[in-house]
Amino acid sequence: MASSLASQLYKMRTLDRAMGNERTHNVKASFLFDGRQAADLDTQTIFDIGRDGLYELRQINQRFDVYAETLFSESIKDMDRVLQTKEENAKLDESIRSFLFQLAPHFLTKPAGKTIEWLVRRFRIHEFNARDVLAAIMPYHETKAFLTMLTIITFETADMDLFGFLVAQRKSRRLLDRQTLMAQCLRDRSLMAFVCQAVFRACRQGLDYPGLHSFYAMVMSQYIGQLSTIDNSAIQFIVPFVLDGLKLSSKDAQAAAYMVLGSLATRVTLTEEALDKVLCAVAQRPADVRTMAMCLVQVLQTQADAFNSRLPVRFLGILASHSKLPRILCQLAESFNVEMFMRPLLSSLAHYAFTNAELSQFLAALVAVLPVSYAPTLCERIVAEYVAHGLENKGPAEIVDIVQLRYGQQMEDAIGVAAGSSEMGDREAVHKLLYELKARGSGNKSGVVLIKETATTLYLSINHADAGIRLVAAKALKAIVTGERADVELVREETSSLIVDRLAQDDSESVLEVILSLPLATLVNAQELVPALVSIIEDERVPIGKLCSKVVRNLLAIDDSQMYGQVASALFPYLLKCSGTEAVTKAVYKHLPGSAFGKQKSGWLASLASAGLDNGLEAGKFNKSVARVLATELAAKWDSLADAQTGVWAAQLGSSNRLARITAIVVGAHAETLLAKAKDINRSVAAASLVVGSALGVLLEADSGAVVSEDVLLASVDGSAWTSLLASLAGVQRDALTKVAGGALSATLSVLSSVVQLKANQWFAASAAGDGSAESQYRSLLRTTFGAIVSRAGKLSNSDGVLIGRVLGLGMGDEWAQFLASTWIAESSSALVKSRSLISFQALL
């Protein structure tokens, strides 16, 4: 290393040489101009340029405001930093450093270039602050702007070991590509350290832009990947930078650190101590728990041999602090192979849960959602730990009862395996403990009541593969709930769990009939009850005809205003008479008037209950009556779409249940007509936008054939053709849904054309890009509709073109030809849309 005196002498010689060169050749260092141009511009001109750039940056980010009174102030304009004291220059350097990092996200913008020009002229940052300049702009090393800055930088002799390679880049005027940068990092790890430290400084200053984190992630990952070998020295160098990245609070910064850690984990097996530190750092303060969980899974998949037996208890304690983690882990387990993470996790938790209350609660939360495939591993460990603690005369843990309740059969299997093992110490003592454990799971208590007829427990019987045994258990459960069997009392949570599992899974009509005869609204949490009941109808596990009345009755027995949205959403697909669900619809209107929701003073369920609808009407007239009631309610409350009642309609437009979508489309089309009749153009257009979007979704899912057919080209929602169309819902379901969606589409456009009057030749007008008016929304709606329809897969025939013209022509009239022509020549139109607009144009001619 050069001495301090040598460094100063080199710097003085370099600066004198640079200044002498400027005087001799009449040039000045510049970021924006060439040397001779810059020499012709005085300090005041450069100052004005810099102030202008700062003003533009302040409009983008108020954090630049502070620099208007420091680096860009009138008072500092004529300052010569060479004449300043050491303390004054140190304070100035800190201000410049802070500004450069704040400027980094905007480095490639014109305002940034203007401010840099002033810093170069006044403060000679290219000479005195070269390290800070490079640290701030290193993420842009592959850009011309970086090369421009590099050409004017003067390196101190002390920095030549680190940045000497950049001199060659500058001389050759070549961009610093990633390959060159990585090659130098591999030769000199201090450059890699400089890059990481620069990134972390930017983050500590509150900067959080995508380019910064992706730069750190890619450079570090490539560095790790290109190392020929990773020895202890390399690990000791890399791990601190990984830990520093994990400490950052930004979600993107942590994700970048996860990526680097994943790269390291695939290359080398960390020591137990190092892995402990890394895992705890990952889990400590995650910005996103799901991303953190995925990182942990990846790391432990590759580091399975790092821990001899159990995961560190400190790490487990940190995991336990994240309440969302159990459900997230189980969601990951359903989509990915996370076995190398889950098995040591469950084994470790099973051990500590007997002595650590926090970890016991964490394991209990996991057990509640754990996929059954992991149950054997967990149960084997729970049995082993139970025996180990029993042999030491320690009391049992609550977690044992929780696991037995959730995994009764797997616990019995694990007990059987343990009983036959010769590796568990004193066999007599062990067998006594195993007998006690089995008795805990099969006594007259908590959901595991003995049933004489099946010679086993209630839990095992009601989950048995044989429907006959399940029926016996269901009847036994009913006897306990109704008080006929007074010797047993079940807690509500256990009863609820048994009931929900049967409702959601059982394929026996007899078992479901018994369960549905119970007062479910008082036994099961409404949040769990609603989806379980709906699944009976939607899954088609059993013939619904006999059960639908009981399913609907239990749904409407829920007396909780907070559940209005869920109950209403569950019933929504069955409000119209449709093929295959007529029995459900009949049950809805049978039980609705006497229900708590039907007796409310407002809301569309109450409106339907009080409308006096005749369930005996033929489908078309009945469906039209229902749609009119709901549409009236919707139109009256259009401005409150987010509330629990009217918000149900908006949600159903995007439902995966096609019947729900069609019902919402029908109601929306009626509401749009009512709003149009009331001359409420803006709301009418807004309603149409939602209806058309959903209708297009149904149409585009159709298998084949013309987009819409002749029988859906309606003049208005009130026409007789609409009633006929709604009646077709009682016919072939798939075709009927497509017809109704097409009818709603054409009817919606027809109604709009009568209330929104486009100005002549508006399709060619420059203002057509949208100004927020109803007319602008309407034009956008028609373009979206046309583009979606003609973009369908398959060949578009000339007759299809005619039909498209008739449907959309309802909304455009004489403007149709102009619309097609403008679509054909519009740059924004895809090749497919252009081609098919031409077909439609030819069909029109």
# chains A, B, ... in the order shown; residues from 1 in each chain; ligands from 1
$ residues_around --residues "Leu370 in chain A" --least-positions-apart "3" --cutoff "9 Å" --atoms "only C-alpha atoms" --output "PDB file with N, CA and C atoms, in the first residue's frame"
ATOM      1  N   PRO A 326     -47.611 -21.473   9.612  1.00  0.00           N
ATOM      2  CA  PRO A 326     -48.119 -22.846   9.460  1.00  0.00           C
ATOM      3  C   PRO A 326     -48.960 -23.040   8.202  1.00  0.00           C
ATOM      4  N   ARG A 327     -49.900 -22.136   7.952  1.00  0.00           N
ATOM      5  CA  ARG A 327     -50.737 -22.280   6.757  1.00  0.00           C
ATOM      6  C   ARG A 327     -49.915 -22.105   5.479  1.00  0.00           C
ATOM      7  N   LEU A 329     -46.702 -22.815   5.049  1.00  0.00           N
ATOM      8  CA  LEU A 329     -45.900 -24.025   4.853  1.00  0.00           C
ATOM      9  C   LEU A 329     -46.736 -25.154   4.266  1.00  0.00           C
ATOM     10  N   CYS A 330     -47.952 -25.278   4.742  1.00  0.00           N
ATOM     11  CA  CYS A 330     -48.804 -26.363   4.238  1.00  0.00           C
ATOM     12  C   CYS A 330     -49.269 -26.087   2.815  1.00  0.00           C
ATOM     13  N   ALA A 333     -46.432 -27.125   0.770  1.00  0.00           N
ATOM     14  CA  ALA A 333     -46.349 -28.594   0.743  1.00  0.00           C
ATOM     15  C   ALA A 333     -47.292 -29.195  -0.283  1.00  0.00           C
ATOM     16  N   ALA A 365     -50.569 -25.384  15.795  1.00  0.00           N
ATOM     17  CA  ALA A 365     -51.051 -24.627  14.636  1.00  0.00           C
ATOM     18  C   ALA A 365     -50.713 -25.342  13.337  1.00  0.00           C
ATOM     19  N   LEU A 366     -49.549 -25.971  13.287  1.00  0.00           N
ATOM     20  CA  LEU A 366     -49.169 -26.751  12.107  1.00  0.00           C
ATOM     21  C   LEU A 366     -50.064 -27.970  11.940  1.00  0.00           C
ATOM     22  N   VAL A 367     -50.325 -28.651  13.039  1.00  0.00           N
ATOM     23  CA  VAL A 367     -51.146 -29.871  13.008  1.00  0.00           C
ATOM     24  C   VAL A 367     -52.525 -29.576  12.438  1.00  0.00           C
ATOM     25  N   SER A 373     -50.042 -36.539   4.549  1.00  0.00           N
ATOM     26  CA  SER A 373     -48.850 -37.305   4.167  1.00  0.00           C
ATOM     27  C   SER A 373     -47.725 -37.178   5.191  1.00  0.00           C
ATOM     28  N   TYR A 374     -47.747 -36.102   5.982  1.00  0.00           N
ATOM     29  CA  TYR A 374     -46.711 -35.910   6.996  1.00  0.00           C
ATOM     30  C   TYR A 374     -47.120 -36.467   8.359  1.00  0.00           C
ATOM     31  N   ALA A 375     -48.361 -36.925   8.475  1.00  0.00           N
ATOM     32  CA  ALA A 375     -48.858 -37.419   9.762  1.00  0.00           C
ATOM     33  C   ALA A 375     -48.054 -38.601  10.306  1.00  0.00           C
TER      34      ALA A 375
END
$ residues_around --residues "range 206-211 of chain A" --least-positions-apart "2" --cutoff "9 Å" --atoms "only C-alpha atoms" --output "list in words"
Phe101, Gln102, Ala104, Pro105, Pro139, Tyr140, Arg201, Ala202, Cys203, Arg204, His213, Ser214, Phe215, Tyr216, Ser250, Asp252 and Ala253 of chain A
$ atom_distance --atom1 "CA of Ser602 in chain A" --atom2 "CA of Ala741 in chain A"
28.9 Å
$ residues_around --residues "Ala504 in chain A" --least-positions-apart "6" --cutoff "12 Å" --atoms "only C-alpha atoms" --output "list of chain:residue names"
A:Ser497, A:Leu498, A:Val511, A:Leu512, A:Ile515, A:Leu516, A:Glu528, A:Leu529, A:Val530, A:Pro531, A:Ala532, A:Leu533, A:Val534, A:Ser535, A:Ile536, A:Ile537, A:Glu538, A:Asp539, A:Glu540, A:Arg541, A:Val542
$ write_last_selection --atoms "N, CA, C and O atoms" --output "CSV table (one decimal), in the first residue's frame"
chain,number,residue,atom,x,y,z
A,497,SER,N,-65.4,-29.8,14.0
A,497,SER,CA,-64.4,-30.4,13.1
A,497,SER,C,-65.0,-31.7,12.5
A,497,SER,O,-64.8,-31.9,11.2
A,498,LEU,N,-65.6,-32.5,13.3
A,498,LEU,CA,-66.2,-33.8,12.7
A,498,LEU,C,-67.3,-33.5,11.7
A,498,LEU,O,-67.4,-34.1,10.6
A,511,VAL,N,-75.5,-40.5,5.1
A,511,VAL,CA,-74.6,-39.9,6.1
A,511,VAL,C,-74.9,-38.4,6.1
A,511,VAL,O,-75.1,-37.7,7.2
A,512,LEU,N,-74.9,-37.8,4.9
A,512,LEU,CA,-75.1,-36.3,4.8
A,512,LEU,C,-76.5,-35.9,5.3
A,512,LEU,O,-76.7,-34.9,5.9
A,515,ILE,N,-76.3,-35.7,9.1
A,515,ILE,CA,-75.5,-34.5,9.5
A,515,ILE,C,-76.3,-33.2,9.2
A,515,ILE,O,-76.4,-32.3,10.1
A,516,LEU,N,-77.0,-33.2,8.1
A,516,LEU,CA,-77.8,-32.0,7.7
A,516,LEU,C,-79.0,-31.8,8.6
A,516,LEU,O,-79.6,-30.7,8.7
A,528,GLU,N,-66.7,-21.6,8.4
A,528,GLU,CA,-66.4,-23.0,7.9
A,528,GLU,C,-67.7,-23.6,7.3
A,528,GLU,O,-67.6,-24.4,6.4
A,529,LEU,N,-68.8,-23.3,7.9
A,529,LEU,CA,-70.1,-24.0,7.5
A,529,LEU,C,-70.5,-23.6,6.1
A,529,LEU,O,-70.9,-24.5,5.4
A,530,VAL,N,-70.4,-22.4,5.7
A,530,VAL,CA,-70.9,-22.0,4.4
A,530,VAL,C,-70.2,-22.7,3.3
A,530,VAL,O,-70.9,-23.3,2.4
A,531,PRO,N,-68.9,-22.7,3.2
A,531,PRO,CA,-68.2,-23.4,2.1
A,531,PRO,C,-68.5,-24.9,2.1
A,531,PRO,O,-68.5,-25.6,1.1
A,532,ALA,N,-68.6,-25.5,3.3
A,532,ALA,CA,-68.8,-26.9,3.4
A,532,ALA,C,-70.2,-27.3,2.9
A,532,ALA,O,-70.4,-28.3,2.2
A,533,LEU,N,-71.2,-26.5,3.2
A,533,LEU,CA,-72.5,-26.7,2.6
A,533,LEU,C,-72.6,-26.5,1.1
A,533,LEU,O,-73.2,-27.3,0.4
A,534,VAL,N,-72.0,-25.5,0.7
A,534,VAL,CA,-72.0,-25.2,-0.8
A,534,VAL,C,-71.3,-26.3,-1.6
A,534,VAL,O,-71.7,-26.7,-2.7
A,535,SER,N,-70.3,-26.9,-1.0
A,535,SER,CA,-69.6,-28.0,-1.7
A,535,SER,C,-70.5,-29.2,-2.0
A,535,SER,O,-70.2,-29.9,-3.0
A,536,ILE,N,-71.5,-29.4,-1.2
A,536,ILE,CA,-72.4,-30.5,-1.4
A,536,ILE,C,-73.1,-30.3,-2.7
A,536,ILE,O,-73.3,-31.3,-3.5
A,537,ILE,N,-73.5,-29.1,-3.0
A,537,ILE,CA,-74.2,-28.8,-4.3
A,537,ILE,C,-73.2,-28.8,-5.4
A,537,ILE,O,-73.5,-29.4,-6.5
A,538,GLU,N,-72.1,-28.1,-5.3
A,538,GLU,CA,-71.2,-27.9,-6.4
A,538,GLU,C,-70.4,-29.1,-6.8
A,538,GLU,O,-70.0,-29.3,-7.9
A,539,ASP,N,-70.0,-30.0,-5.8
A,539,ASP,CA,-69.1,-31.1,-6.1
A,539,ASP,C,-69.8,-32.3,-6.8
A,539,ASP,O,-69.2,-33.1,-7.3
A,540,GLU,N,-71.1,-32.3,-6.7
A,540,GLU,CA,-71.9,-33.3,-7.3
A,540,GLU,C,-71.5,-34.7,-6.8
A,540,GLU,O,-71.4,-35.7,-7.5
A,541,ARG,N,-71.1,-34.8,-5.5
A,541,ARG,CA,-70.7,-36.1,-4.9
A,541,ARG,C,-71.9,-37.0,-4.7
A,541,ARG,O,-71.8,-38.2,-4.8
A,542,VAL,N,-73.1,-36.4,-4.5
A,542,VAL,CA,-74.3,-37.2,-4.3
A,542,VAL,C,-75.4,-36.5,-5.1
A,542,VAL,O,-75.4,-35.3,-5.4
$ residues_around --residues "range 116-130 of chain A" --least-positions-apart "3" --cutoff "8 Å" --atoms "only C-alpha atoms" --output "short mmCIF file (atom, residue, chain, number, x, y, z; two decimals) with N, CA and C atoms, in the first residue's frame"
data_model
loop_
_atom_site.label_atom_id
_atom_site.label_comp_id
_atom_site.auth_asym_id
_atom_site.auth_seq_id
_atom_site.Cartn_x
_atom_site.Cartn_y
_atom_site.Cartn_z
N LEU A 15 -3.77 16.18 -10.07
CA LEU A 15 -4.66 17.33 -10.19
C LEU A 15 -3.97 18.47 -10.92
N ALA A 29 -13.25 19.41 -17.72
CA ALA A 29 -13.94 18.14 -17.51
C ALA A 29 -15.45 18.40 -17.48
N SER A 30 -16.19 17.52 -18.15
CA SER A 30 -17.64 17.72 -18.23
C SER A 30 -18.34 16.38 -18.43
N PHE A 31 -19.53 16.27 -17.85
CA PHE A 31 -20.36 15.08 -18.01
C PHE A 31 -21.31 15.22 -19.20
N LEU A 32 -21.74 16.47 -19.48
CA LEU A 32 -22.73 16.69 -20.53
C LEU A 32 -22.12 17.13 -21.85
N THR A 43 -19.02 29.55 -15.03
CA THR A 43 -19.54 28.90 -13.83
C THR A 43 -21.01 29.21 -13.61
N ILE A 46 -23.16 26.97 -15.83
CA ILE A 46 -23.21 25.60 -15.33
C ILE A 46 -24.05 25.52 -14.06
N PHE A 47 -23.93 26.55 -13.20
CA PHE A 47 -24.74 26.60 -11.98
C PHE A 47 -26.23 26.62 -12.32
N ILE A 49 -27.63 25.49 -15.00
CA ILE A 49 -28.00 24.16 -15.52
C ILE A 49 -28.23 23.19 -14.36
N GLY A 50 -27.31 23.22 -13.38
CA GLY A 50 -27.45 22.33 -12.23
C GLY A 50 -28.70 22.63 -11.41
N LYS A 77 -21.77 28.87 -4.51
CA LYS A 77 -21.49 28.91 -5.94
C LYS A 77 -20.02 29.22 -6.24
N ASP A 78 -19.43 30.10 -5.46
CA ASP A 78 -18.05 30.53 -5.76
C ASP A 78 -17.03 29.89 -4.83
N MET A 79 -17.43 28.84 -4.10
CA MET A 79 -16.52 28.19 -3.17
C MET A 79 -15.46 27.38 -3.90
N ASP A 80 -14.22 27.44 -3.41
CA ASP A 80 -13.13 26.61 -3.94
C ASP A 80 -12.76 25.62 -2.85
N ARG A 81 -13.06 24.35 -3.08
CA ARG A 81 -12.87 23.35 -2.03
C ARG A 81 -11.41 23.16 -1.67
N ASP A 93 -17.83 16.41 1.61
CA ASP A 93 -17.79 15.07 1.01
C ASP A 93 -19.01 14.24 1.43
N ARG A 97 -21.66 12.72 -1.07
CA ARG A 97 -21.90 11.26 -1.05
C ARG A 97 -23.40 10.97 -0.90
N ALA A 112 -30.73 14.42 -13.84
CA ALA A 112 -29.57 13.93 -13.10
C ALA A 112 -28.28 14.38 -13.75
N GLY A 113 -28.22 14.30 -15.08
CA GLY A 113 -27.03 14.73 -15.80
C GLY A 113 -26.72 16.20 -15.56
N VAL A 133 -18.62 8.33 -6.41
CA VAL A 133 -19.30 8.36 -7.71
C VAL A 133 -19.49 6.94 -8.23
N LEU A 134 -18.41 6.16 -8.21
CA LEU A 134 -18.49 4.78 -8.71
C LEU A 134 -19.43 3.93 -7.86
N MET A 149 -19.00 9.00 -17.50
CA MET A 149 -18.48 9.42 -16.20
C MET A 149 -17.08 8.87 -15.99
N ILE A 152 -13.90 10.82 -17.32
CA ILE A 152 -13.40 12.06 -16.68
C ILE A 152 -12.91 11.83 -15.25
N ILE A 153 -13.09 10.61 -14.74
CA ILE A 153 -12.68 10.33 -13.35
C ILE A 153 -11.16 10.25 -13.26
N THR A 154 -10.62 10.81 -12.18
CA THR A 154 -9.20 10.72 -11.87
C THR A 154 -9.04 9.85 -10.62
N PHE A 155 -8.33 8.74 -10.74
CA PHE A 155 -8.17 7.82 -9.62
C PHE A 155 -6.95 8.19 -8.78
#
$ closest_residue --among "A:Ser508, A:Thr115, A:Thr302, A:Thr482" --to "Ile462 in chain A" --atoms "only C-alpha atoms"
A:Ser508
$ closest_residue --among "A:Trp638, A:Tyr258, A:Trp649, A:Phe200" --to "Leu675 in chain A" --atoms "only C-alpha atoms"
A:Trp638
$ residues_around --residues "range 396-410 of chain A" --least-positions-apart "2" --cutoff "7 Å" --atoms "only C-alpha atoms" --output "ChimeraX atom specification"
/A:354,360,364,367,375-376,379,382,386,394,412-414,441,460
$ write_last_selection --atoms "C-alpha atoms" --output "PDB file, in the first residue's frame"
ATOM      1  CA  PHE A 354     -43.067 -31.371  25.525  1.00  0.00           C
ATOM      2  CA  SER A 360     -46.009 -26.568  21.456  1.00  0.00           C
ATOM      3  CA  ALA A 364     -50.479 -27.319  17.268  1.00  0.00           C
ATOM      4  CA  VAL A 367     -51.146 -29.871  13.008  1.00  0.00           C
ATOM      5  CA  ALA A 375     -48.858 -37.419   9.762  1.00  0.00           C
ATOM      6  CA  PRO A 376     -46.934 -40.751  10.072  1.00  0.00           C
ATOM      7  CA  CYS A 379     -47.006 -39.361  15.049  1.00  0.00           C
ATOM      8  CA  ILE A 382     -44.821 -37.817  19.245  1.00  0.00           C
ATOM      9  CA  TYR A 386     -44.200 -39.398  24.970  1.00  0.00           C
ATOM     10  CA  LYS A 394     -42.347 -36.293  33.420  1.00  0.00           C
ATOM     11  CA  GLU A 412     -52.749 -45.918  16.528  1.00  0.00           C
ATOM     12  CA  ASP A 413     -50.391 -47.110  13.779  1.00  0.00           C
ATOM     13  CA  ALA A 414     -47.428 -45.357  15.413  1.00  0.00           C
ATOM     14  CA  GLY A 441     -57.129 -41.522  22.545  1.00  0.00           C
ATOM     15  CA  LEU A 460     -62.298 -43.458  13.602  1.00  0.00           C
TER      16      LEU A 460
END
$ select_by_dssp --residues "range 165-366 of chain A" --states "helix (DSSP H, G or I)" --output "count of residues only"
153
$ residues_around --residues "Asp231 in chain A" --least-positions-apart "3" --cutoff "12 Å" --atoms "only C-alpha atoms" --output "list in words"
Ile224, Leu227, Ser228, Ala234, Ile235, Gln236, Phe237, Ile238, Leu264, Arg267, Val268, Thr269, Leu270 and Thr271 of chain A
$ write_last_selection --atoms "N, CA and C atoms" --output "PDB file, in the first residue's frame"
ATOM      1  N   ILE A 224     -20.524 -16.256  -6.855  1.00  0.00           N
ATOM      2  CA  ILE A 224     -20.540 -17.555  -6.176  1.00  0.00           C
ATOM      3  C   ILE A 224     -20.499 -18.696  -7.195  1.00  0.00           C
ATOM      4  N   LEU A 227     -16.898 -19.128  -8.888  1.00  0.00           N
ATOM      5  CA  LEU A 227     -15.738 -19.530  -8.095  1.00  0.00           C
ATOM      6  C   LEU A 227     -15.407 -21.000  -8.376  1.00  0.00           C
ATOM      7  N   SER A 228     -14.165 -21.282  -8.659  1.00  0.00           N
ATOM      8  CA  SER A 228     -13.793 -22.665  -8.990  1.00  0.00           C
ATOM      9  C   SER A 228     -13.985 -23.581  -7.787  1.00  0.00           C
ATOM     10  N   ALA A 234     -13.517 -18.339   1.432  1.00  0.00           N
ATOM     11  CA  ALA A 234     -14.570 -17.775   0.577  1.00  0.00           C
ATOM     12  C   ALA A 234     -15.892 -17.681   1.337  1.00  0.00           C
ATOM     13  N   ILE A 235     -16.183 -18.706   2.140  1.00  0.00           N
ATOM     14  CA  ILE A 235     -17.430 -18.690   2.919  1.00  0.00           C
ATOM     15  C   ILE A 235     -17.416 -17.538   3.914  1.00  0.00           C
ATOM     16  N   GLN A 236     -16.280 -17.363   4.603  1.00  0.00           N
ATOM     17  CA  GLN A 236     -16.158 -16.282   5.573  1.00  0.00           C
ATOM     18  C   GLN A 236     -16.269 -14.920   4.904  1.00  0.00           C
ATOM     19  N   PHE A 237     -15.901 -14.846   3.642  1.00  0.00           N
ATOM     20  CA  PHE A 237     -16.030 -13.579   2.899  1.00  0.00           C
ATOM     21  C   PHE A 237     -17.481 -13.352   2.465  1.00  0.00           C
ATOM     22  N   ILE A 238     -18.162 -14.397   2.004  1.00  0.00           N
ATOM     23  CA  ILE A 238     -19.494 -14.248   1.409  1.00  0.00           C
ATOM     24  C   ILE A 238     -20.592 -14.111   2.460  1.00  0.00           C
ATOM     25  N   LEU A 264     -25.459 -19.803  -2.801  1.00  0.00           N
ATOM     26  CA  LEU A 264     -24.402 -20.316  -1.924  1.00  0.00           C
ATOM     27  C   LEU A 264     -24.745 -21.718  -1.423  1.00  0.00           C
ATOM     28  N   ARG A 267     -23.911 -24.583  -3.620  1.00  0.00           N
ATOM     29  CA  ARG A 267     -22.503 -24.821  -3.915  1.00  0.00           C
ATOM     30  C   ARG A 267     -21.737 -25.464  -2.770  1.00  0.00           C
ATOM     31  N   VAL A 268     -22.199 -25.255  -1.524  1.00  0.00           N
ATOM     32  CA  VAL A 268     -21.376 -25.683  -0.404  1.00  0.00           C
ATOM     33  C   VAL A 268     -22.265 -26.060   0.775  1.00  0.00           C
ATOM     34  N   THR A 269     -21.800 -26.984   1.609  1.00  0.00           N
ATOM     35  CA  THR A 269     -22.495 -27.329   2.850  1.00  0.00           C
ATOM     36  C   THR A 269     -21.923 -26.469   3.967  1.00  0.00           C
ATOM     37  N   LEU A 270     -22.765 -25.643   4.565  1.00  0.00           N
ATOM     38  CA  LEU A 270     -22.318 -24.740   5.623  1.00  0.00           C
ATOM     39  C   LEU A 270     -22.126 -25.500   6.929  1.00  0.00           C
ATOM     40  N   THR A 271     -21.304 -24.941   7.791  1.00  0.00           N
ATOM     41  CA  THR A 271     -21.149 -25.519   9.121  1.00  0.00           C
ATOM     42  C   THR A 271     -22.438 -25.297   9.910  1.00  0.00           C
TER      43      THR A 271
END
